[in-house]
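Novice: Okay, handing you the structure first.
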Amino acid sequence: ALGLEGEEPDEKPVDSAEDLRNEVLQFNTNCPECNAPADTNMKLVQIPHFKEVIIMATNCDACGHRTNEVKSGGAIEPHGTRITLRITDPSDMTRDILKSETCSVEIPELEFELGMGALGGKFTTLEGLLKDIRELVERNPFTLGDSSVPSRTGKLQEFIGKLQEIIEGKTEAHFIMDDPAGNSYLQNVYAPEEDPELKVERYQRTFEQNEDLGLNDMKTEGYESEGAAGR
């Protein structure tokens, strides 16, 4: 009657991890283009048959700049991953793809390689990533702009034409993703069965690849005893 006795909660306590998966977090940042205040949305997403990733999207109301970036929600895998897809049908363009910032891309038929770090981390479709590659080539002033060399311009126009044929499903090609960190993914449309056109290989990283990932100088065992001995 005096209000001294607390009421028992009717609802069960919410799991903080599960609550985070269902919530879109928003925080204030600055636009990378015009430096105006902008909002960045962040969401934890579970990719089927793979792992959790963090998707971040920034929209600037001042200049209209929009970016989206994907970060792996887990640690670096013990082995690197090499994924090879043989593109044989236009429906392959709808496959989901996660390209981490440590992943390189290769299309042997076009003699094309996209290095680690280019385009950043992306969660899109195969068609979306190929279009991003095409736009990356078209925007480069040293390839097709005022600073370009005429002899090189013709070859790049030919490259863009062949890439467009692959996007439209008119040409078969191999699409290879090589991620030393093992955090990239290409959808298996036959899951949980094996995909006849998709090959996933796990490999031991080289010293140079571990160096690029900063793993050679990383010590995770025995550092406590060493620190105590040095005191």
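Residues in the structure tokens are named by chain (A, B, ... in the order shown) and by number from 1 within that chain; ligands are numbered from 1 in the order shown.
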Any idea what's packed within 7 Å of A:Thr94, counting only C-alpha atoms, ignoring anything in its chain fewer than 4 positions away? Could you give it as a list in words?

Specialist: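 That gives Thr125, Leu126 and Glu127 of chain A.
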
Novice: Quick one: everything within 8 Å of stretch 194-204 of chain A, counting only C-alpha atoms, minus sequence neighbours fewer than 6 positions away in the same chain. Send it as a CSV table (one decimal) with all heavy atoms, in the first residue's frame.

Specialist:
```
chain,number,residue,atom,x,y,z
A,79,HIS,N,42.9,-19.7,-42.0
A,79,HIS,CA,43.4,-19.9,-43.4
A,79,HIS,C,42.8,-18.9,-44.3
A,79,HIS,O,41.7,-18.4,-44.1
A,79,HIS,CB,43.0,-21.3,-43.9
A,79,HIS,CG,43.7,-22.4,-43.1
A,79,HIS,ND1,43.1,-23.0,-42.0
A,79,HIS,CD2,44.9,-23.0,-43.2
A,79,HIS,CE1,43.9,-23.9,-41.5
A,79,HIS,NE2,45.0,-24.0,-42.2
A,80,GLY,N,43.5,-18.6,-45.4
A,80,GLY,CA,43.0,-17.8,-46.5
A,80,GLY,C,41.9,-18.5,-47.3
A,80,GLY,O,41.8,-19.7,-47.3
A,81,THR,N,41.1,-17.8,-48.1
A,81,THR,CA,40.1,-18.3,-48.9
A,81,THR,C,40.2,-17.9,-50.3
A,81,THR,O,40.4,-16.7,-50.6
A,81,THR,CB,38.7,-18.0,-48.4
A,81,THR,OG1,38.6,-18.4,-47.0
A,81,THR,CG2,37.6,-18.6,-49.2
A,82,ARG,N,40.1,-18.8,-51.3
A,82,ARG,CA,40.1,-18.5,-52.7
A,82,ARG,C,38.8,-19.1,-53.3
A,82,ARG,O,38.6,-20.3,-53.3
A,82,ARG,CB,41.3,-19.1,-53.4
A,82,ARG,CG,41.4,-18.7,-54.9
A,82,ARG,CD,42.7,-19.4,-55.5
A,82,ARG,NE,42.8,-19.2,-56.9
A,82,ARG,CZ,43.3,-18.2,-57.5
A,82,ARG,NH1,43.8,-17.2,-56.8
A,82,ARG,NH2,43.3,-18.1,-58.9
A,83,ILE,N,38.0,-18.2,-53.8
A,83,ILE,CA,36.7,-18.6,-54.3
A,83,ILE,C,36.7,-18.3,-55.8
A,83,ILE,O,37.0,-17.2,-56.3
A,83,ILE,CB,35.5,-17.7,-53.7
A,83,ILE,CG1,35.6,-17.9,-52.1
A,83,ILE,CG2,34.2,-18.2,-54.2
A,83,ILE,CD1,34.7,-16.9,-51.4
A,84,THR,N,36.3,-19.4,-56.6
A,84,THR,CA,36.3,-19.3,-58.0
A,84,THR,C,34.9,-19.6,-58.5
A,84,THR,O,34.4,-20.7,-58.2
A,84,THR,CB,37.3,-20.2,-58.7
A,84,THR,OG1,38.6,-20.0,-58.2
A,84,THR,CG2,37.3,-20.1,-60.2
A,85,LEU,N,34.3,-18.7,-59.2
A,85,LEU,CA,32.9,-18.9,-59.8
A,85,LEU,C,33.0,-18.9,-61.3
A,85,LEU,O,33.6,-17.9,-61.9
A,85,LEU,CB,31.9,-17.8,-59.4
A,85,LEU,CG,30.6,-17.8,-60.1
A,85,LEU,CD1,29.8,-19.1,-59.7
A,85,LEU,CD2,29.8,-16.6,-59.7
A,86,ARG,N,32.5,-19.9,-62.0
A,86,ARG,CA,32.4,-19.9,-63.4
A,86,ARG,C,31.1,-19.3,-63.8
A,86,ARG,O,30.0,-19.9,-63.6
A,86,ARG,CB,32.6,-21.3,-64.0
A,86,ARG,CG,32.6,-21.4,-65.5
A,86,ARG,CD,33.0,-22.8,-65.9
A,86,ARG,NE,32.8,-23.0,-67.4
A,86,ARG,CZ,31.8,-23.7,-67.9
A,86,ARG,NH1,30.8,-24.2,-67.1
A,86,ARG,NH2,31.6,-23.8,-69.2
A,87,ILE,N,31.1,-18.1,-64.4
A,87,ILE,CA,29.8,-17.4,-64.8
A,87,ILE,C,29.3,-18.0,-66.1
A,87,ILE,O,30.0,-17.9,-67.1
A,87,ILE,CB,30.1,-15.9,-64.9
A,87,ILE,CG1,30.6,-15.4,-63.6
A,87,ILE,CG2,28.8,-15.2,-65.3
A,87,ILE,CD1,31.1,-13.9,-63.7
A,188,ASN,N,26.3,-19.6,-52.5
A,188,ASN,CA,26.1,-20.9,-53.2
A,188,ASN,C,24.6,-21.1,-53.3
A,188,ASN,O,23.8,-21.3,-52.4
A,188,ASN,CB,26.6,-22.0,-52.3
A,188,ASN,CG,26.3,-23.4,-52.8
A,188,ASN,OD1,25.7,-23.6,-53.9
A,188,ASN,ND2,26.8,-24.4,-52.1
```

Novice: May I ask which of the residues A:Val137, A:Leu98, A:His65, A:Gln26 is the closest one to A:Glu113, counting only C-alpha atoms?

Specialist: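 Looking only at the distances to A:Glu113, the closest residue turns out to be A:Val137.
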
Novice: Tell me, as a CSV table (one decimal) with N, CA, C and O atoms, in the first residue's frame, which residues lie within 10 Å of stretch 39-42 of chain A, counting only C-alpha atoms; anything in the same chain fewer than 2 positions away does not count.

Specialist:
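For reference, out.csv as written:
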```csv
chain,number,residue,atom,x,y,z
A,23,GLU,N,18.4,-4.3,-34.0
A,23,GLU,CA,18.4,-2.8,-33.9
A,23,GLU,C,19.3,-2.2,-34.9
A,23,GLU,O,20.4,-2.7,-35.2
A,24,VAL,N,18.9,-1.0,-35.5
A,24,VAL,CA,19.8,-0.2,-36.3
A,24,VAL,C,20.3,0.9,-35.5
A,24,VAL,O,19.6,1.8,-35.0
A,25,LEU,N,21.6,0.9,-35.3
A,25,LEU,CA,22.3,1.9,-34.5
A,25,LEU,C,22.6,3.1,-35.3
A,25,LEU,O,23.0,3.0,-36.5
A,26,GLN,N,22.5,4.3,-34.8
A,26,GLN,CA,22.8,5.5,-35.5
A,26,GLN,C,23.7,6.4,-34.7
A,26,GLN,O,23.5,6.6,-33.5
A,27,PHE,N,24.7,7.0,-35.3
A,27,PHE,CA,25.6,7.9,-34.6
A,27,PHE,C,26.1,9.0,-35.5
A,27,PHE,O,26.0,8.8,-36.8
A,28,ASN,N,26.5,10.1,-34.9
A,28,ASN,CA,26.9,11.2,-35.7
A,28,ASN,C,28.4,11.1,-36.2
A,28,ASN,O,29.3,10.7,-35.5
A,29,THR,N,28.6,11.5,-37.5
A,29,THR,CA,29.9,11.5,-38.1
A,29,THR,C,30.0,12.7,-39.0
A,29,THR,O,29.1,13.6,-39.0
A,30,ASN,N,31.1,12.8,-39.7
A,30,ASN,CA,31.2,13.9,-40.7
A,30,ASN,C,31.3,13.3,-42.1
A,30,ASN,O,31.9,12.2,-42.3
A,31,CYS,N,30.8,14.0,-43.1
A,31,CYS,CA,30.8,13.5,-44.5
A,31,CYS,C,32.3,13.4,-45.0
A,31,CYS,O,33.0,14.4,-44.8
A,37,PRO,N,28.3,17.7,-41.0
A,37,PRO,CA,27.7,16.7,-40.1
A,37,PRO,C,26.8,15.7,-40.8
A,37,PRO,O,25.9,16.2,-41.6
A,44,LEU,N,24.0,-5.1,-37.6
A,44,LEU,CA,24.6,-6.4,-37.5
A,44,LEU,C,23.8,-7.3,-38.3
A,44,LEU,O,22.6,-7.5,-38.0
A,45,VAL,N,24.3,-8.0,-39.4
A,45,VAL,CA,23.6,-8.9,-40.3
A,45,VAL,C,24.2,-10.2,-40.3
A,45,VAL,O,25.4,-10.4,-40.4
A,54,ILE,N,29.1,-6.5,-40.2
A,54,ILE,CA,28.5,-5.2,-39.8
A,54,ILE,C,28.5,-4.3,-41.0
A,54,ILE,O,29.5,-4.1,-41.7
A,55,ILE,N,27.2,-3.8,-41.3
A,55,ILE,CA,27.0,-2.9,-42.4
A,55,ILE,C,26.8,-1.5,-41.9
A,55,ILE,O,26.0,-1.2,-41.1
A,56,MET,N,27.6,-0.6,-42.5
A,56,MET,CA,27.5,0.8,-42.1
A,56,MET,C,27.2,1.7,-43.3
A,56,MET,O,27.9,1.5,-44.4
A,57,ALA,N,26.2,2.5,-43.2
A,57,ALA,CA,25.8,3.4,-44.3
A,57,ALA,C,25.8,4.9,-43.9
A,57,ALA,O,25.2,5.2,-42.8
A,58,THR,N,26.4,5.7,-44.7
A,58,THR,CA,26.4,7.2,-44.3
A,58,THR,C,25.7,8.0,-45.4
A,58,THR,O,26.0,7.8,-46.6
A,59,ASN,N,24.8,8.8,-45.0
A,59,ASN,CA,24.1,9.7,-46.0
A,59,ASN,C,24.3,11.1,-45.6
A,59,ASN,O,24.0,11.5,-44.4
A,60,CYS,N,24.7,12.0,-46.5
A,60,CYS,CA,25.0,13.4,-46.3
A,60,CYS,C,23.9,14.2,-46.9
A,60,CYS,O,23.7,14.2,-48.1
A,61,ASP,N,23.1,14.9,-46.1
A,61,ASP,CA,22.1,15.8,-46.6
A,61,ASP,C,22.6,17.1,-47.2
A,61,ASP,O,21.9,17.7,-48.0
A,66,ARG,N,26.7,9.5,-50.6
A,66,ARG,CA,26.3,8.3,-49.9
A,66,ARG,C,27.4,7.2,-49.9
A,66,ARG,O,28.0,7.0,-51.0
A,67,THR,N,27.6,6.6,-48.8
A,67,THR,CA,28.6,5.5,-48.8
A,67,THR,C,28.0,4.3,-48.0
A,67,THR,O,27.2,4.5,-47.1
A,68,ASN,N,28.5,3.1,-48.3
A,68,ASN,CA,28.2,1.9,-47.5
A,68,ASN,C,29.4,1.1,-47.4
A,68,ASN,O,30.2,0.9,-48.4
A,69,GLU,N,29.7,0.6,-46.2
A,69,GLU,CA,30.9,-0.1,-45.9
A,69,GLU,C,30.6,-1.4,-45.1
A,69,GLU,O,29.6,-1.3,-44.3
A,70,VAL,N,31.3,-2.4,-45.4
A,70,VAL,CA,31.0,-3.7,-44.7
A,70,VAL,C,32.3,-4.1,-43.9
A,70,VAL,O,33.4,-4.1,-44.4
```

Novice: If you count only C-alpha atoms, which residues fall within 9 Å of A:Gln187, apart from same-chain ones fewer than 4 positions away, as number ranges by chain?

Specialist: A: 48-49, 95-98, 191, 198

Novice: What separation in Å, quoted to one decimal, exists between atom CA of A:Ala75 and atom CA of A:Lys122?

Specialist: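 These two atoms are separated by 17.3 Å.
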
Novice: Please, what distance in Å, to one decimal, runs between atom CA of A:Arg134 and atom CA of A:His174?

Specialist: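 Answer for the atom CA of A:Arg134 to atom CA of A:His174 separation: 16.5 Å.
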
Novice: Rounded to one decimal place, report the atom CA of A:Gly115-atom CA of A:Cys103 distance in Å.

Specialist: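 Answer for the atom CA of A:Gly115 to atom CA of A:Cys103 separation: 7.5 Å.
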
Novice: Looking at only C-alpha atoms, which of A:Gly214, A:Asp132, A:Glu193, A:Pro32 is the one that sits closest to A:Ala118?

Specialist: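 Of A:Gly214, A:Asp132, A:Glu193, A:Pro32, the one nearest A:Ala118, counting only C-alpha atoms, is A:Asp132.
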
Novice: Could you give me the residues within stretch 166-201 of chain A that DSSP places in strand (DSSP E), as a list in words?

Specialist: Ala173, His174, Phe175, Ile176, Met177, Asp178, Asp179, Tyr185, Leu186, Leu198, Lys199, Val200 and Glu201 of chain A

Novice: Mind writing the picked residues with N, CA and C atoms as an mmCIF file, in the first residue's frame?

Specialist:
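Result file again.cif:
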```cif
data_model
loop_
_atom_site.group_PDB
_atom_site.id
_atom_site.type_symbol
_atom_site.label_atom_id
_atom_site.label_comp_id
_atom_site.auth_asym_id
_atom_site.auth_seq_id
_atom_site.Cartn_x
_atom_site.Cartn_y
_atom_site.Cartn_z
ATOM 1 N N ALA A 173 32.746 -16.343 -68.139
ATOM 2 C CA ALA A 173 34.030 -15.917 -67.578
ATOM 3 C C ALA A 173 34.199 -16.532 -66.195
ATOM 4 N N HIS A 174 35.416 -16.435 -65.680
ATOM 5 C CA HIS A 174 35.705 -16.883 -64.318
ATOM 6 C C HIS A 174 35.878 -15.655 -63.426
ATOM 7 N N PHE A 175 35.250 -15.691 -62.271
ATOM 8 C CA PHE A 175 35.346 -14.606 -61.289
ATOM 9 C C PHE A 175 36.017 -15.179 -60.049
ATOM 10 N N ILE A 176 37.194 -14.628 -59.708
ATOM 11 C CA ILE A 176 38.003 -15.189 -58.620
ATOM 12 C C ILE A 176 38.162 -14.157 -57.502
ATOM 13 N N MET A 177 37.882 -14.595 -56.275
ATOM 14 C CA MET A 177 38.084 -13.767 -55.091
ATOM 15 C C MET A 177 39.146 -14.437 -54.218
ATOM 16 N N ASP A 178 40.176 -13.688 -53.868
ATOM 17 C CA ASP A 178 41.259 -14.214 -53.028
ATOM 18 C C ASP A 178 41.363 -13.353 -51.775
ATOM 19 N N ASP A 179 41.000 -13.935 -50.636
ATOM 20 C CA ASP A 179 40.995 -13.189 -49.374
ATOM 21 C C ASP A 179 41.890 -13.892 -48.357
ATOM 22 N N TYR A 185 32.838 -13.891 -49.127
ATOM 23 C CA TYR A 185 31.803 -14.910 -49.343
ATOM 24 C C TYR A 185 31.127 -14.690 -50.690
ATOM 25 N N LEU A 186 30.805 -15.797 -51.363
ATOM 26 C CA LEU A 186 30.032 -15.768 -52.603
ATOM 27 C C LEU A 186 28.933 -16.815 -52.482
ATOM 28 N N LEU A 198 30.883 -23.400 -58.518
ATOM 29 C CA LEU A 198 31.569 -22.645 -57.462
ATOM 30 C C LEU A 198 32.606 -23.519 -56.778
ATOM 31 N N LYS A 199 33.825 -23.008 -56.657
ATOM 32 C CA LYS A 199 34.912 -23.735 -56.018
ATOM 33 C C LYS A 199 35.501 -22.879 -54.893
ATOM 34 N N VAL A 200 35.517 -23.422 -53.674
ATOM 35 C CA VAL A 200 36.047 -22.709 -52.515
ATOM 36 C C VAL A 200 37.265 -23.470 -51.997
ATOM 37 N N GLU A 201 38.419 -22.798 -51.950
ATOM 38 C CA GLU A 201 39.666 -23.414 -51.501
ATOM 39 C C GLU A 201 40.189 -22.688 -50.259
#
```

Novice: I'd like to know which residues of stretch 13-216 of chain A are alpha helix (DSSP H) (by DSSP, run on the backbone); could you write them as a VMD selection string?

Specialist: chain A and resid 16 to 22 126 to 139 150 to 167 207 to 212

Novice: Pick from A:Pro180, A:Pro90, A:Gly154, A:Gly64: nearest to A:Ile166, with only C-alpha atoms counted?

Specialist: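 Of A:Pro180, A:Pro90, A:Gly154, A:Gly64, the one nearest A:Ile166, counting only C-alpha atoms, is A:Pro90.
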
Novice: Can you pull out the residues contacting A:Glu168? Cut-off 10 Å, using only C-alpha atoms, and skip same-chain residues under 5 positions away; I want them as a PyMOL selection string.

Specialist: chain A and resi 89-91+93+127+162-163

Novice: Return the single residue from A:Arg139, A:Phe123, A:Tyr190, A:Cys34 that is closest to A:Lys99, with distances computed using only C-alpha atoms.

Specialist: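 That would be A:Phe123, the residue with the smallest distance to A:Lys99.
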